[in-house]
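Shown next: structure_30.txt, containing compact mmCIF, N, CA and C atoms.
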# COMPACT_ATOMS: atom_id res chain seq x y z
N MET A 1 -23.37 39.44 -62.89
CA MET A 1 -24.80 39.23 -62.68
C MET A 1 -24.99 37.88 -62.00
N ARG A 2 -25.79 37.90 -60.98
CA ARG A 2 -26.09 36.68 -60.21
C ARG A 2 -27.39 36.07 -60.73
N THR A 3 -27.44 34.73 -60.81
CA THR A 3 -28.65 34.02 -61.24
C THR A 3 -29.31 33.36 -60.04
N ILE A 4 -30.62 33.56 -59.94
CA ILE A 4 -31.42 32.90 -58.90
C ILE A 4 -32.29 31.87 -59.59
N LEU A 5 -32.09 30.60 -59.29
CA LEU A 5 -32.90 29.52 -59.84
C LEU A 5 -34.14 29.39 -58.96
N LEU A 6 -35.26 29.87 -59.47
CA LEU A 6 -36.48 29.96 -58.66
C LEU A 6 -37.00 28.63 -58.13
N PRO A 7 -37.02 27.55 -58.93
CA PRO A 7 -37.58 26.30 -58.40
C PRO A 7 -36.82 25.74 -57.19
N SER A 8 -35.59 26.15 -57.01
CA SER A 8 -34.84 25.68 -55.84
C SER A 8 -35.19 26.46 -54.58
N ARG A 9 -35.92 27.58 -54.74
CA ARG A 9 -36.22 28.44 -53.59
C ARG A 9 -37.71 28.73 -53.39
N LEU A 10 -38.51 28.51 -54.43
CA LEU A 10 -39.94 28.81 -54.37
C LEU A 10 -40.73 27.65 -54.97
N PRO A 11 -42.03 27.59 -54.69
CA PRO A 11 -42.85 26.53 -55.30
C PRO A 11 -42.99 26.74 -56.81
N LEU A 12 -43.41 25.72 -57.52
CA LEU A 12 -43.58 25.80 -58.97
C LEU A 12 -44.78 26.63 -59.38
N THR A 13 -45.67 26.91 -58.45
CA THR A 13 -46.79 27.81 -58.71
C THR A 13 -46.62 29.04 -57.81
N LEU A 14 -46.37 30.17 -58.44
CA LEU A 14 -46.15 31.42 -57.71
C LEU A 14 -47.50 32.11 -57.57
N ASP A 15 -48.16 31.84 -56.45
CA ASP A 15 -49.56 32.27 -56.35
C ASP A 15 -49.92 33.05 -55.10
N THR A 16 -48.92 33.50 -54.34
CA THR A 16 -49.26 34.30 -53.17
C THR A 16 -48.37 35.55 -53.09
N ARG A 17 -48.90 36.56 -52.45
CA ARG A 17 -48.12 37.78 -52.22
C ARG A 17 -46.93 37.50 -51.30
N GLU A 18 -47.10 36.55 -50.41
CA GLU A 18 -46.01 36.18 -49.49
C GLU A 18 -44.80 35.66 -50.27
N PHE A 19 -45.04 34.82 -51.28
CA PHE A 19 -43.94 34.31 -52.08
C PHE A 19 -43.28 35.43 -52.89
N ALA A 20 -44.06 36.40 -53.33
CA ALA A 20 -43.50 37.54 -54.07
C ALA A 20 -42.58 38.34 -53.15
N SER A 21 -43.01 38.57 -51.93
CA SER A 21 -42.18 39.29 -50.96
C SER A 21 -40.89 38.53 -50.69
N LYS A 22 -41.00 37.23 -50.58
CA LYS A 22 -39.82 36.39 -50.35
C LYS A 22 -38.84 36.51 -51.52
N LEU A 23 -39.35 36.51 -52.74
CA LEU A 23 -38.49 36.65 -53.91
C LEU A 23 -37.79 38.01 -53.92
N VAL A 24 -38.51 39.07 -53.64
CA VAL A 24 -37.91 40.40 -53.61
C VAL A 24 -36.83 40.46 -52.53
N ASP A 25 -37.09 39.85 -51.39
CA ASP A 25 -36.07 39.81 -50.33
C ASP A 25 -34.82 39.09 -50.81
N MET A 26 -34.99 37.98 -51.53
CA MET A 26 -33.84 37.24 -52.07
C MET A 26 -33.04 38.10 -53.04
N ILE A 27 -33.76 38.82 -53.90
CA ILE A 27 -33.09 39.68 -54.89
C ILE A 27 -32.30 40.77 -54.19
N LYS A 28 -32.91 41.42 -53.22
CA LYS A 28 -32.24 42.51 -52.52
C LYS A 28 -31.06 42.01 -51.68
N GLU A 29 -31.16 40.79 -51.15
CA GLU A 29 -30.07 40.21 -50.36
C GLU A 29 -28.84 39.93 -51.23
N GLU A 30 -29.04 39.73 -52.52
CA GLU A 30 -27.91 39.48 -53.42
C GLU A 30 -26.98 40.68 -53.46
N GLY A 31 -27.51 41.88 -53.23
CA GLY A 31 -26.69 43.08 -53.23
C GLY A 31 -26.12 43.43 -54.59
N GLU A 32 -26.72 42.92 -55.63
CA GLU A 32 -26.26 43.16 -56.99
C GLU A 32 -27.17 44.19 -57.67
N CYS A 33 -26.64 44.87 -58.67
CA CYS A 33 -27.45 45.79 -59.47
C CYS A 33 -28.15 45.06 -60.61
N LYS A 34 -27.65 43.88 -60.96
CA LYS A 34 -28.24 43.07 -62.02
C LYS A 34 -28.43 41.65 -61.51
N VAL A 35 -29.65 41.15 -61.68
CA VAL A 35 -29.97 39.80 -61.23
C VAL A 35 -30.75 39.10 -62.33
N GLU A 36 -30.42 37.84 -62.57
CA GLU A 36 -31.15 37.02 -63.54
C GLU A 36 -32.04 36.04 -62.76
N LEU A 37 -33.31 36.01 -63.12
CA LEU A 37 -34.26 35.07 -62.51
C LEU A 37 -34.51 33.95 -63.49
N ASP A 38 -34.17 32.73 -63.10
CA ASP A 38 -34.36 31.56 -63.95
C ASP A 38 -35.66 30.86 -63.54
N PHE A 39 -36.65 30.93 -64.43
CA PHE A 39 -37.98 30.38 -64.16
C PHE A 39 -38.15 28.93 -64.64
N THR A 40 -37.05 28.22 -64.87
CA THR A 40 -37.13 26.82 -65.30
C THR A 40 -38.09 26.05 -64.40
N ASP A 41 -39.05 25.37 -65.01
CA ASP A 41 -40.05 24.52 -64.33
C ASP A 41 -41.13 25.28 -63.56
N ILE A 42 -41.08 26.61 -63.50
CA ILE A 42 -42.18 27.36 -62.88
C ILE A 42 -43.36 27.32 -63.85
N ILE A 43 -44.51 26.90 -63.36
CA ILE A 43 -45.64 26.66 -64.27
C ILE A 43 -46.75 27.71 -64.19
N PHE A 44 -46.73 28.54 -63.15
CA PHE A 44 -47.83 29.49 -63.01
C PHE A 44 -47.39 30.69 -62.16
N MET A 45 -47.90 31.87 -62.53
CA MET A 45 -47.73 33.07 -61.72
C MET A 45 -49.08 33.78 -61.65
N SER A 46 -49.56 34.01 -60.45
CA SER A 46 -50.85 34.69 -60.28
C SER A 46 -50.69 36.20 -60.44
N ARG A 47 -51.79 36.85 -60.68
CA ARG A 47 -51.80 38.31 -60.80
C ARG A 47 -51.38 38.95 -59.47
N SER A 48 -51.82 38.38 -58.36
CA SER A 48 -51.46 38.95 -57.06
C SER A 48 -49.96 38.82 -56.80
N PHE A 49 -49.36 37.70 -57.18
CA PHE A 49 -47.92 37.54 -57.04
C PHE A 49 -47.20 38.59 -57.87
N ALA A 50 -47.58 38.71 -59.15
CA ALA A 50 -46.91 39.65 -60.06
C ALA A 50 -47.05 41.09 -59.56
N ASP A 51 -48.23 41.45 -59.07
CA ASP A 51 -48.45 42.80 -58.57
C ASP A 51 -47.58 43.09 -57.34
N GLN A 52 -47.56 42.17 -56.41
CA GLN A 52 -46.76 42.36 -55.19
C GLN A 52 -45.27 42.40 -55.52
N PHE A 53 -44.82 41.53 -56.42
CA PHE A 53 -43.42 41.51 -56.85
C PHE A 53 -43.04 42.86 -57.43
N HIS A 54 -43.86 43.34 -58.32
CA HIS A 54 -43.61 44.62 -58.98
C HIS A 54 -43.60 45.76 -57.97
N LYS A 55 -44.60 45.79 -57.12
CA LYS A 55 -44.74 46.85 -56.11
C LYS A 55 -43.53 46.90 -55.18
N GLU A 56 -43.11 45.77 -54.66
CA GLU A 56 -42.01 45.74 -53.70
C GLU A 56 -40.66 45.96 -54.37
N LEU A 57 -40.49 45.43 -55.55
CA LEU A 57 -39.21 45.56 -56.23
C LEU A 57 -38.92 47.00 -56.61
N TYR A 58 -39.95 47.72 -57.00
CA TYR A 58 -39.77 49.09 -57.46
C TYR A 58 -40.22 50.14 -56.45
N SER A 59 -40.33 49.76 -55.18
CA SER A 59 -40.78 50.71 -54.16
C SER A 59 -39.64 51.55 -53.61
N SER A 60 -38.41 51.17 -53.90
CA SER A 60 -37.27 51.94 -53.38
C SER A 60 -36.59 52.69 -54.53
N ASP A 61 -35.68 53.58 -54.16
CA ASP A 61 -34.94 54.33 -55.16
C ASP A 61 -33.80 53.53 -55.77
N HIS A 62 -33.43 52.43 -55.12
CA HIS A 62 -32.34 51.58 -55.61
C HIS A 62 -32.82 50.80 -56.83
N THR A 63 -32.12 50.96 -57.94
CA THR A 63 -32.52 50.30 -59.19
C THR A 63 -31.84 48.95 -59.32
N ILE A 64 -32.63 47.93 -59.60
CA ILE A 64 -32.11 46.60 -59.85
C ILE A 64 -32.60 46.17 -61.22
N ASP A 65 -31.66 45.84 -62.11
CA ASP A 65 -32.02 45.33 -63.42
C ASP A 65 -32.27 43.84 -63.31
N ILE A 66 -33.45 43.43 -63.76
CA ILE A 66 -33.84 42.03 -63.68
C ILE A 66 -33.89 41.44 -65.09
N SER A 67 -33.21 40.31 -65.27
CA SER A 67 -33.32 39.55 -66.52
C SER A 67 -34.13 38.30 -66.22
N ILE A 68 -35.03 37.98 -67.12
CA ILE A 68 -35.89 36.81 -66.97
C ILE A 68 -35.41 35.73 -67.93
N LYS A 69 -35.21 34.53 -67.41
CA LYS A 69 -34.72 33.42 -68.23
C LYS A 69 -35.66 32.22 -68.08
N ASN A 70 -35.92 31.54 -69.18
CA ASN A 70 -36.69 30.28 -69.19
C ASN A 70 -38.10 30.42 -68.62
N ALA A 71 -38.72 31.57 -68.83
CA ALA A 71 -40.09 31.77 -68.34
C ALA A 71 -41.09 31.42 -69.42
N ASP A 72 -42.17 30.79 -69.03
CA ASP A 72 -43.27 30.49 -69.92
C ASP A 72 -43.90 31.80 -70.39
N VAL A 73 -44.45 31.78 -71.59
CA VAL A 73 -45.04 33.00 -72.15
C VAL A 73 -46.15 33.56 -71.26
N SER A 74 -46.87 32.70 -70.56
CA SER A 74 -47.94 33.19 -69.68
C SER A 74 -47.37 33.99 -68.51
N ILE A 75 -46.19 33.64 -68.04
CA ILE A 75 -45.55 34.38 -66.96
C ILE A 75 -45.08 35.73 -67.47
N LEU A 76 -44.49 35.74 -68.65
CA LEU A 76 -44.05 37.01 -69.25
C LEU A 76 -45.24 37.92 -69.49
N ASP A 77 -46.34 37.35 -69.99
CA ASP A 77 -47.55 38.15 -70.23
C ASP A 77 -48.09 38.74 -68.93
N MET A 78 -48.05 37.97 -67.85
CA MET A 78 -48.55 38.45 -66.56
C MET A 78 -47.68 39.61 -66.06
N LEU A 79 -46.37 39.48 -66.17
CA LEU A 79 -45.48 40.56 -65.74
C LEU A 79 -45.71 41.82 -66.56
N ARG A 80 -45.90 41.66 -67.85
CA ARG A 80 -46.18 42.82 -68.71
C ARG A 80 -47.52 43.46 -68.37
N ALA A 81 -48.53 42.64 -68.14
CA ALA A 81 -49.86 43.15 -67.82
C ALA A 81 -49.84 43.98 -66.54
N VAL A 82 -49.15 43.49 -65.53
CA VAL A 82 -49.06 44.23 -64.26
C VAL A 82 -48.29 45.52 -64.47
N SER A 83 -47.21 45.47 -65.21
CA SER A 83 -46.42 46.66 -65.47
C SER A 83 -47.25 47.74 -66.17
N ASN A 84 -48.11 47.33 -67.08
CA ASN A 84 -48.93 48.28 -67.83
C ASN A 84 -50.01 48.94 -66.98
N THR A 85 -50.32 48.36 -65.83
CA THR A 85 -51.36 48.94 -64.97
C THR A 85 -50.80 49.84 -63.89
N GLN A 86 -49.50 49.92 -63.79
CA GLN A 86 -48.87 50.74 -62.75
C GLN A 86 -48.74 52.17 -63.23
N ASN A 87 -49.23 53.11 -62.46
CA ASN A 87 -49.17 54.52 -62.83
C ASN A 87 -47.82 55.15 -62.56
N ASP A 88 -47.19 54.77 -61.46
CA ASP A 88 -45.96 55.45 -61.07
C ASP A 88 -44.73 54.55 -61.11
N ARG A 89 -44.90 53.31 -61.50
CA ARG A 89 -43.76 52.39 -61.56
C ARG A 89 -43.77 51.70 -62.92
N SER A 90 -42.64 51.63 -63.53
CA SER A 90 -42.51 50.96 -64.81
C SER A 90 -41.59 49.76 -64.66
N LEU A 91 -42.06 48.62 -65.08
CA LEU A 91 -41.29 47.40 -64.98
C LEU A 91 -40.21 47.38 -66.05
N CYS A 92 -38.98 47.31 -65.65
CA CYS A 92 -37.85 47.29 -66.58
C CYS A 92 -37.19 45.93 -66.52
N LEU A 93 -37.74 45.01 -67.28
CA LEU A 93 -37.22 43.65 -67.29
C LEU A 93 -36.67 43.30 -68.65
N ASP A 94 -35.63 42.50 -68.65
CA ASP A 94 -35.12 41.91 -69.87
C ASP A 94 -35.84 40.58 -70.00
N LEU A 95 -36.88 40.55 -70.82
CA LEU A 95 -37.71 39.36 -70.95
C LEU A 95 -37.23 38.51 -72.12
N ARG A 96 -36.52 37.42 -71.80
CA ARG A 96 -36.02 36.53 -72.85
C ARG A 96 -36.86 35.29 -72.94
So, in terms of structure tokens, how does the structure I just supplied come out?
Amino acid sequence: MRTILLPSRLPLTLDTREFASKLVDMIKEEGECKVELDFTDIIFMSRSFADQFHKELYSSDHTIDISIKNADVSILDMLRAVSNTQNDRSLCLDLR
């Protein structure tokens, strides 16, 4: 499993759909079936970021297992909230 340290590649506030697309591209470029996202020092995730991340990550048939590490409870709550609103996509994250 490969770990992506988010603060080294993205801003500390994840607040645009563009940044979500960039993150999904990074994950897919890893070419791994399992990826760990380390949210150390990330302080905010917007609803639009979470929605775009979820939409793009689960838009293909290729399954990628995502583990979440060092995320603030507000980020975990946002990811869960977006997952619960999706009719055809279910977010399968290991939320630690």
Exercise. Looking at only C-alpha atoms, which of A:Arg47, A:Arg80, A:Lys34, A:Lys22 is the one that sits closest to Thr3 (chain A)?
Worked result: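 For Thr3 (chain A), the nearest of the given residues is A:Lys34.
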For this session: Using atom N of Asp41 (chain A) and CA of Asp25 (chain A) as the two end points, give the distance in Å to one decimal.
Result: 20.8 Å
Problem set entry | Who sits within 8 Å of region 48-54 of chain A, only N, CA and C atoms, same chain under 3 positions skipped, as a PyMOL selection string | chain A and resi 14-24+45+57-59+78-79+82-83+89-91
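With CA of Asp77 (chain A) on one side and CA of Leu12 (chain A) on the other, the separation reads 17.2 Å.
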Exercise. Expressed in Å to a single decimal, how great is the separation between CA of Lys69 (chain A) and atom N of Phe39 (chain A)?
Worked result: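 Distance reported for this atom pair: 4.9 Å.
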Exercise. At most 8 Å from (-23.6, 43.5, -57.3), file frame, only N, CA and C atoms: which residues, as a ChimeraX atom specification?
Worked result: /A:1-2,30-35
Exercise. So, counting all atoms listed in the file, which residue among A:Glu56, A:Asp72, A:Asp65, A:Glu29 is closest to Ile43 (chain A)?
Worked result: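 The answer is A:Asp72, which sits nearest to Ile43 (chain A).
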Exercise. Given the choices A:Thr13, A:Ser67, A:Ser8, A:Gln86, which gets closest to Phe44 (chain A) if the distance is worked out from all atoms listed in the file?
Worked result: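 Closest to Phe44 (chain A), using all atoms listed in the file: A:Thr13.
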All helix (DSSP H, G or I) residues (DSSP, backbone) inside chain A, as a PDB file with N, CA and C atoms, in the frame of the given file:
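Result file follows (selection.pdb):
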ATOM      1  N   LEU A   6     -35.260  29.870 -59.470  1.00  0.00           N
ATOM      2  CA  LEU A   6     -36.480  29.960 -58.660  1.00  0.00           C
ATOM      3  C   LEU A   6     -37.000  28.630 -58.130  1.00  0.00           C
ATOM      4  N   PRO A   7     -37.020  27.550 -58.930  1.00  0.00           N
ATOM      5  CA  PRO A   7     -37.580  26.300 -58.400  1.00  0.00           C
ATOM      6  C   PRO A   7     -36.820  25.740 -57.190  1.00  0.00           C
ATOM      7  N   SER A   8     -35.590  26.150 -57.010  1.00  0.00           N
ATOM      8  CA  SER A   8     -34.840  25.680 -55.840  1.00  0.00           C
ATOM      9  C   SER A   8     -35.190  26.460 -54.580  1.00  0.00           C
ATOM     10  N   ARG A  17     -48.900  36.560 -52.450  1.00  0.00           N
ATOM     11  CA  ARG A  17     -48.120  37.780 -52.220  1.00  0.00           C
ATOM     12  C   ARG A  17     -46.930  37.500 -51.300  1.00  0.00           C
ATOM     13  N   GLU A  18     -47.100  36.550 -50.410  1.00  0.00           N
ATOM     14  CA  GLU A  18     -46.010  36.180 -49.490  1.00  0.00           C
ATOM     15  C   GLU A  18     -44.800  35.660 -50.270  1.00  0.00           C
ATOM     16  N   PHE A  19     -45.040  34.820 -51.280  1.00  0.00           N
ATOM     17  CA  PHE A  19     -43.940  34.310 -52.080  1.00  0.00           C
ATOM     18  C   PHE A  19     -43.280  35.430 -52.890  1.00  0.00           C
ATOM     19  N   ALA A  20     -44.060  36.400 -53.330  1.00  0.00           N
ATOM     20  CA  ALA A  20     -43.500  37.540 -54.070  1.00  0.00           C
ATOM     21  C   ALA A  20     -42.580  38.340 -53.150  1.00  0.00           C
ATOM     22  N   SER A  21     -43.010  38.570 -51.930  1.00  0.00           N
ATOM     23  CA  SER A  21     -42.180  39.290 -50.960  1.00  0.00           C
ATOM     24  C   SER A  21     -40.890  38.530 -50.690  1.00  0.00           C
ATOM     25  N   LYS A  22     -41.000  37.230 -50.580  1.00  0.00           N
ATOM     26  CA  LYS A  22     -39.820  36.390 -50.350  1.00  0.00           C
ATOM     27  C   LYS A  22     -38.840  36.510 -51.520  1.00  0.00           C
ATOM     28  N   LEU A  23     -39.350  36.510 -52.740  1.00  0.00           N
ATOM     29  CA  LEU A  23     -38.490  36.650 -53.910  1.00  0.00           C
ATOM     30  C   LEU A  23     -37.790  38.010 -53.920  1.00  0.00           C
ATOM     31  N   VAL A  24     -38.510  39.070 -53.640  1.00  0.00           N
ATOM     32  CA  VAL A  24     -37.910  40.400 -53.610  1.00  0.00           C
ATOM     33  C   VAL A  24     -36.830  40.460 -52.530  1.00  0.00           C
ATOM     34  N   ASP A  25     -37.090  39.850 -51.390  1.00  0.00           N
ATOM     35  CA  ASP A  25     -36.070  39.810 -50.330  1.00  0.00           C
ATOM     36  C   ASP A  25     -34.820  39.090 -50.810  1.00  0.00           C
ATOM     37  N   MET A  26     -34.990  37.980 -51.530  1.00  0.00           N
ATOM     38  CA  MET A  26     -33.840  37.240 -52.070  1.00  0.00           C
ATOM     39  C   MET A  26     -33.040  38.100 -53.040  1.00  0.00           C
ATOM     40  N   ILE A  27     -33.760  38.820 -53.900  1.00  0.00           N
ATOM     41  CA  ILE A  27     -33.090  39.680 -54.890  1.00  0.00           C
ATOM     42  C   ILE A  27     -32.300  40.770 -54.190  1.00  0.00           C
ATOM     43  N   LYS A  28     -32.910  41.420 -53.220  1.00  0.00           N
ATOM     44  CA  LYS A  28     -32.240  42.510 -52.520  1.00  0.00           C
ATOM     45  C   LYS A  28     -31.060  42.010 -51.680  1.00  0.00           C
ATOM     46  N   GLU A  29     -31.160  40.790 -51.150  1.00  0.00           N
ATOM     47  CA  GLU A  29     -30.070  40.210 -50.360  1.00  0.00           C
ATOM     48  C   GLU A  29     -28.840  39.930 -51.230  1.00  0.00           C
ATOM     49  N   GLU A  30     -29.040  39.730 -52.520  1.00  0.00           N
ATOM     50  CA  GLU A  30     -27.910  39.480 -53.420  1.00  0.00           C
ATOM     51  C   GLU A  30     -26.980  40.680 -53.460  1.00  0.00           C
ATOM     52  N   ARG A  47     -51.790  36.850 -60.680  1.00  0.00           N
ATOM     53  CA  ARG A  47     -51.800  38.310 -60.800  1.00  0.00           C
ATOM     54  C   ARG A  47     -51.380  38.950 -59.470  1.00  0.00           C
ATOM     55  N   SER A  48     -51.820  38.380 -58.360  1.00  0.00           N
ATOM     56  CA  SER A  48     -51.460  38.950 -57.060  1.00  0.00           C
ATOM     57  C   SER A  48     -49.960  38.820 -56.800  1.00  0.00           C
ATOM     58  N   PHE A  49     -49.360  37.700 -57.180  1.00  0.00           N
ATOM     59  CA  PHE A  49     -47.920  37.540 -57.040  1.00  0.00           C
ATOM     60  C   PHE A  49     -47.200  38.590 -57.870  1.00  0.00           C
ATOM     61  N   ALA A  50     -47.580  38.710 -59.150  1.00  0.00           N
ATOM     62  CA  ALA A  50     -46.910  39.650 -60.060  1.00  0.00           C
ATOM     63  C   ALA A  50     -47.050  41.090 -59.560  1.00  0.00           C
ATOM     64  N   ASP A  51     -48.230  41.450 -59.070  1.00  0.00           N
ATOM     65  CA  ASP A  51     -48.450  42.800 -58.570  1.00  0.00           C
ATOM     66  C   ASP A  51     -47.580  43.090 -57.340  1.00  0.00           C
ATOM     67  N   GLN A  52     -47.560  42.170 -56.410  1.00  0.00           N
ATOM     68  CA  GLN A  52     -46.760  42.360 -55.190  1.00  0.00           C
ATOM     69  C   GLN A  52     -45.270  42.400 -55.520  1.00  0.00           C
ATOM     70  N   PHE A  53     -44.820  41.530 -56.420  1.00  0.00           N
ATOM     71  CA  PHE A  53     -43.420  41.510 -56.850  1.00  0.00           C
ATOM     72  C   PHE A  53     -43.040  42.860 -57.430  1.00  0.00           C
ATOM     73  N   HIS A  54     -43.860  43.340 -58.320  1.00  0.00           N
ATOM     74  CA  HIS A  54     -43.610  44.620 -58.980  1.00  0.00           C
ATOM     75  C   HIS A  54     -43.600  45.760 -57.970  1.00  0.00           C
ATOM     76  N   LYS A  55     -44.600  45.790 -57.120  1.00  0.00           N
ATOM     77  CA  LYS A  55     -44.740  46.850 -56.110  1.00  0.00           C
ATOM     78  C   LYS A  55     -43.530  46.900 -55.180  1.00  0.00           C
ATOM     79  N   GLU A  56     -43.110  45.770 -54.660  1.00  0.00           N
ATOM     80  CA  GLU A  56     -42.010  45.740 -53.700  1.00  0.00           C
ATOM     81  C   GLU A  56     -40.660  45.960 -54.370  1.00  0.00           C
ATOM     82  N   LEU A  57     -40.490  45.430 -55.550  1.00  0.00           N
ATOM     83  CA  LEU A  57     -39.210  45.560 -56.230  1.00  0.00           C
ATOM     84  C   LEU A  57     -38.920  47.000 -56.610  1.00  0.00           C
ATOM     85  N   VAL A  73     -44.450  31.780 -71.590  1.00  0.00           N
ATOM     86  CA  VAL A  73     -45.040  33.000 -72.150  1.00  0.00           C
ATOM     87  C   VAL A  73     -46.150  33.560 -71.260  1.00  0.00           C
ATOM     88  N   SER A  74     -46.870  32.700 -70.560  1.00  0.00           N
ATOM     89  CA  SER A  74     -47.940  33.190 -69.680  1.00  0.00           C
ATOM     90  C   SER A  74     -47.370  33.990 -68.510  1.00  0.00           C
ATOM     91  N   ILE A  75     -46.190  33.640 -68.040  1.00  0.00           N
ATOM     92  CA  ILE A  75     -45.550  34.380 -66.960  1.00  0.00           C
ATOM     93  C   ILE A  75     -45.080  35.730 -67.470  1.00  0.00           C
ATOM     94  N   LEU A  76     -44.490  35.740 -68.650  1.00  0.00           N
ATOM     95  CA  LEU A  76     -44.050  37.010 -69.250  1.00  0.00           C
ATOM     96  C   LEU A  76     -45.240  37.920 -69.490  1.00  0.00           C
ATOM     97  N   ASP A  77     -46.340  37.350 -69.990  1.00  0.00           N
ATOM     98  CA  ASP A  77     -47.550  38.150 -70.230  1.00  0.00           C
ATOM     99  C   ASP A  77     -48.090  38.740 -68.930  1.00  0.00           C
ATOM    100  N   MET A  78     -48.050  37.970 -67.850  1.00  0.00           N
ATOM    101  CA  MET A  78     -48.550  38.450 -66.560  1.00  0.00           C
ATOM    102  C   MET A  78     -47.680  39.610 -66.060  1.00  0.00           C
ATOM    103  N   LEU A  79     -46.370  39.480 -66.170  1.00  0.00           N
ATOM    104  CA  LEU A  79     -45.480  40.560 -65.740  1.00  0.00           C
ATOM    105  C   LEU A  79     -45.710  41.820 -66.560  1.00  0.00           C
ATOM    106  N   ARG A  80     -45.900  41.660 -67.850  1.00  0.00           N
ATOM    107  CA  ARG A  80     -46.180  42.820 -68.710  1.00  0.00           C
ATOM    108  C   ARG A  80     -47.520  43.460 -68.370  1.00  0.00           C
ATOM    109  N   ALA A  81     -48.530  42.640 -68.140  1.00  0.00           N
ATOM    110  CA  ALA A  81     -49.860  43.150 -67.820  1.00  0.00           C
ATOM    111  C   ALA A  81     -49.840  43.980 -66.540  1.00  0.00           C
ATOM    112  N   VAL A  82     -49.150  43.490 -65.530  1.00  0.00           N
ATOM    113  CA  VAL A  82     -49.060  44.230 -64.260  1.00  0.00           C
ATOM    114  C   VAL A  82     -48.290  45.520 -64.470  1.00  0.00           C
ATOM    115  N   SER A  83     -47.210  45.470 -65.210  1.00  0.00           N
ATOM    116  CA  SER A  83     -46.420  46.660 -65.470  1.00  0.00           C
ATOM    117  C   SER A  83     -47.250  47.740 -66.170  1.00  0.00           C
ATOM    118  N   ASN A  84     -48.110  47.330 -67.080  1.00  0.00           N
ATOM    119  CA  ASN A  84     -48.930  48.280 -67.830  1.00  0.00           C
ATOM    120  C   ASN A  84     -50.010  48.940 -66.980  1.00  0.00           C
ATOM    121  N   THR A  85     -50.320  48.360 -65.830  1.00  0.00           N
ATOM    122  CA  THR A  85     -51.360  48.940 -64.970  1.00  0.00           C
ATOM    123  C   THR A  85     -50.800  49.840 -63.890  1.00  0.00           C
TER     124      THR A  85
END
Exercise. Would you give me, as a ChimeraX atom specification, the residues in chain A that DSSP reads as strand (DSSP E)?
Worked result: /A:2-5,13-14,34-38,44-45,65-69,93-95
Exercise. Counting all atoms listed in the file, which of A:Thr63, A:Ile75, A:Met26, A:Ile42 gets nearest to Pro11 (chain A)?
Worked result: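 That would be A:Ile42, the residue with the smallest distance to Pro11 (chain A).
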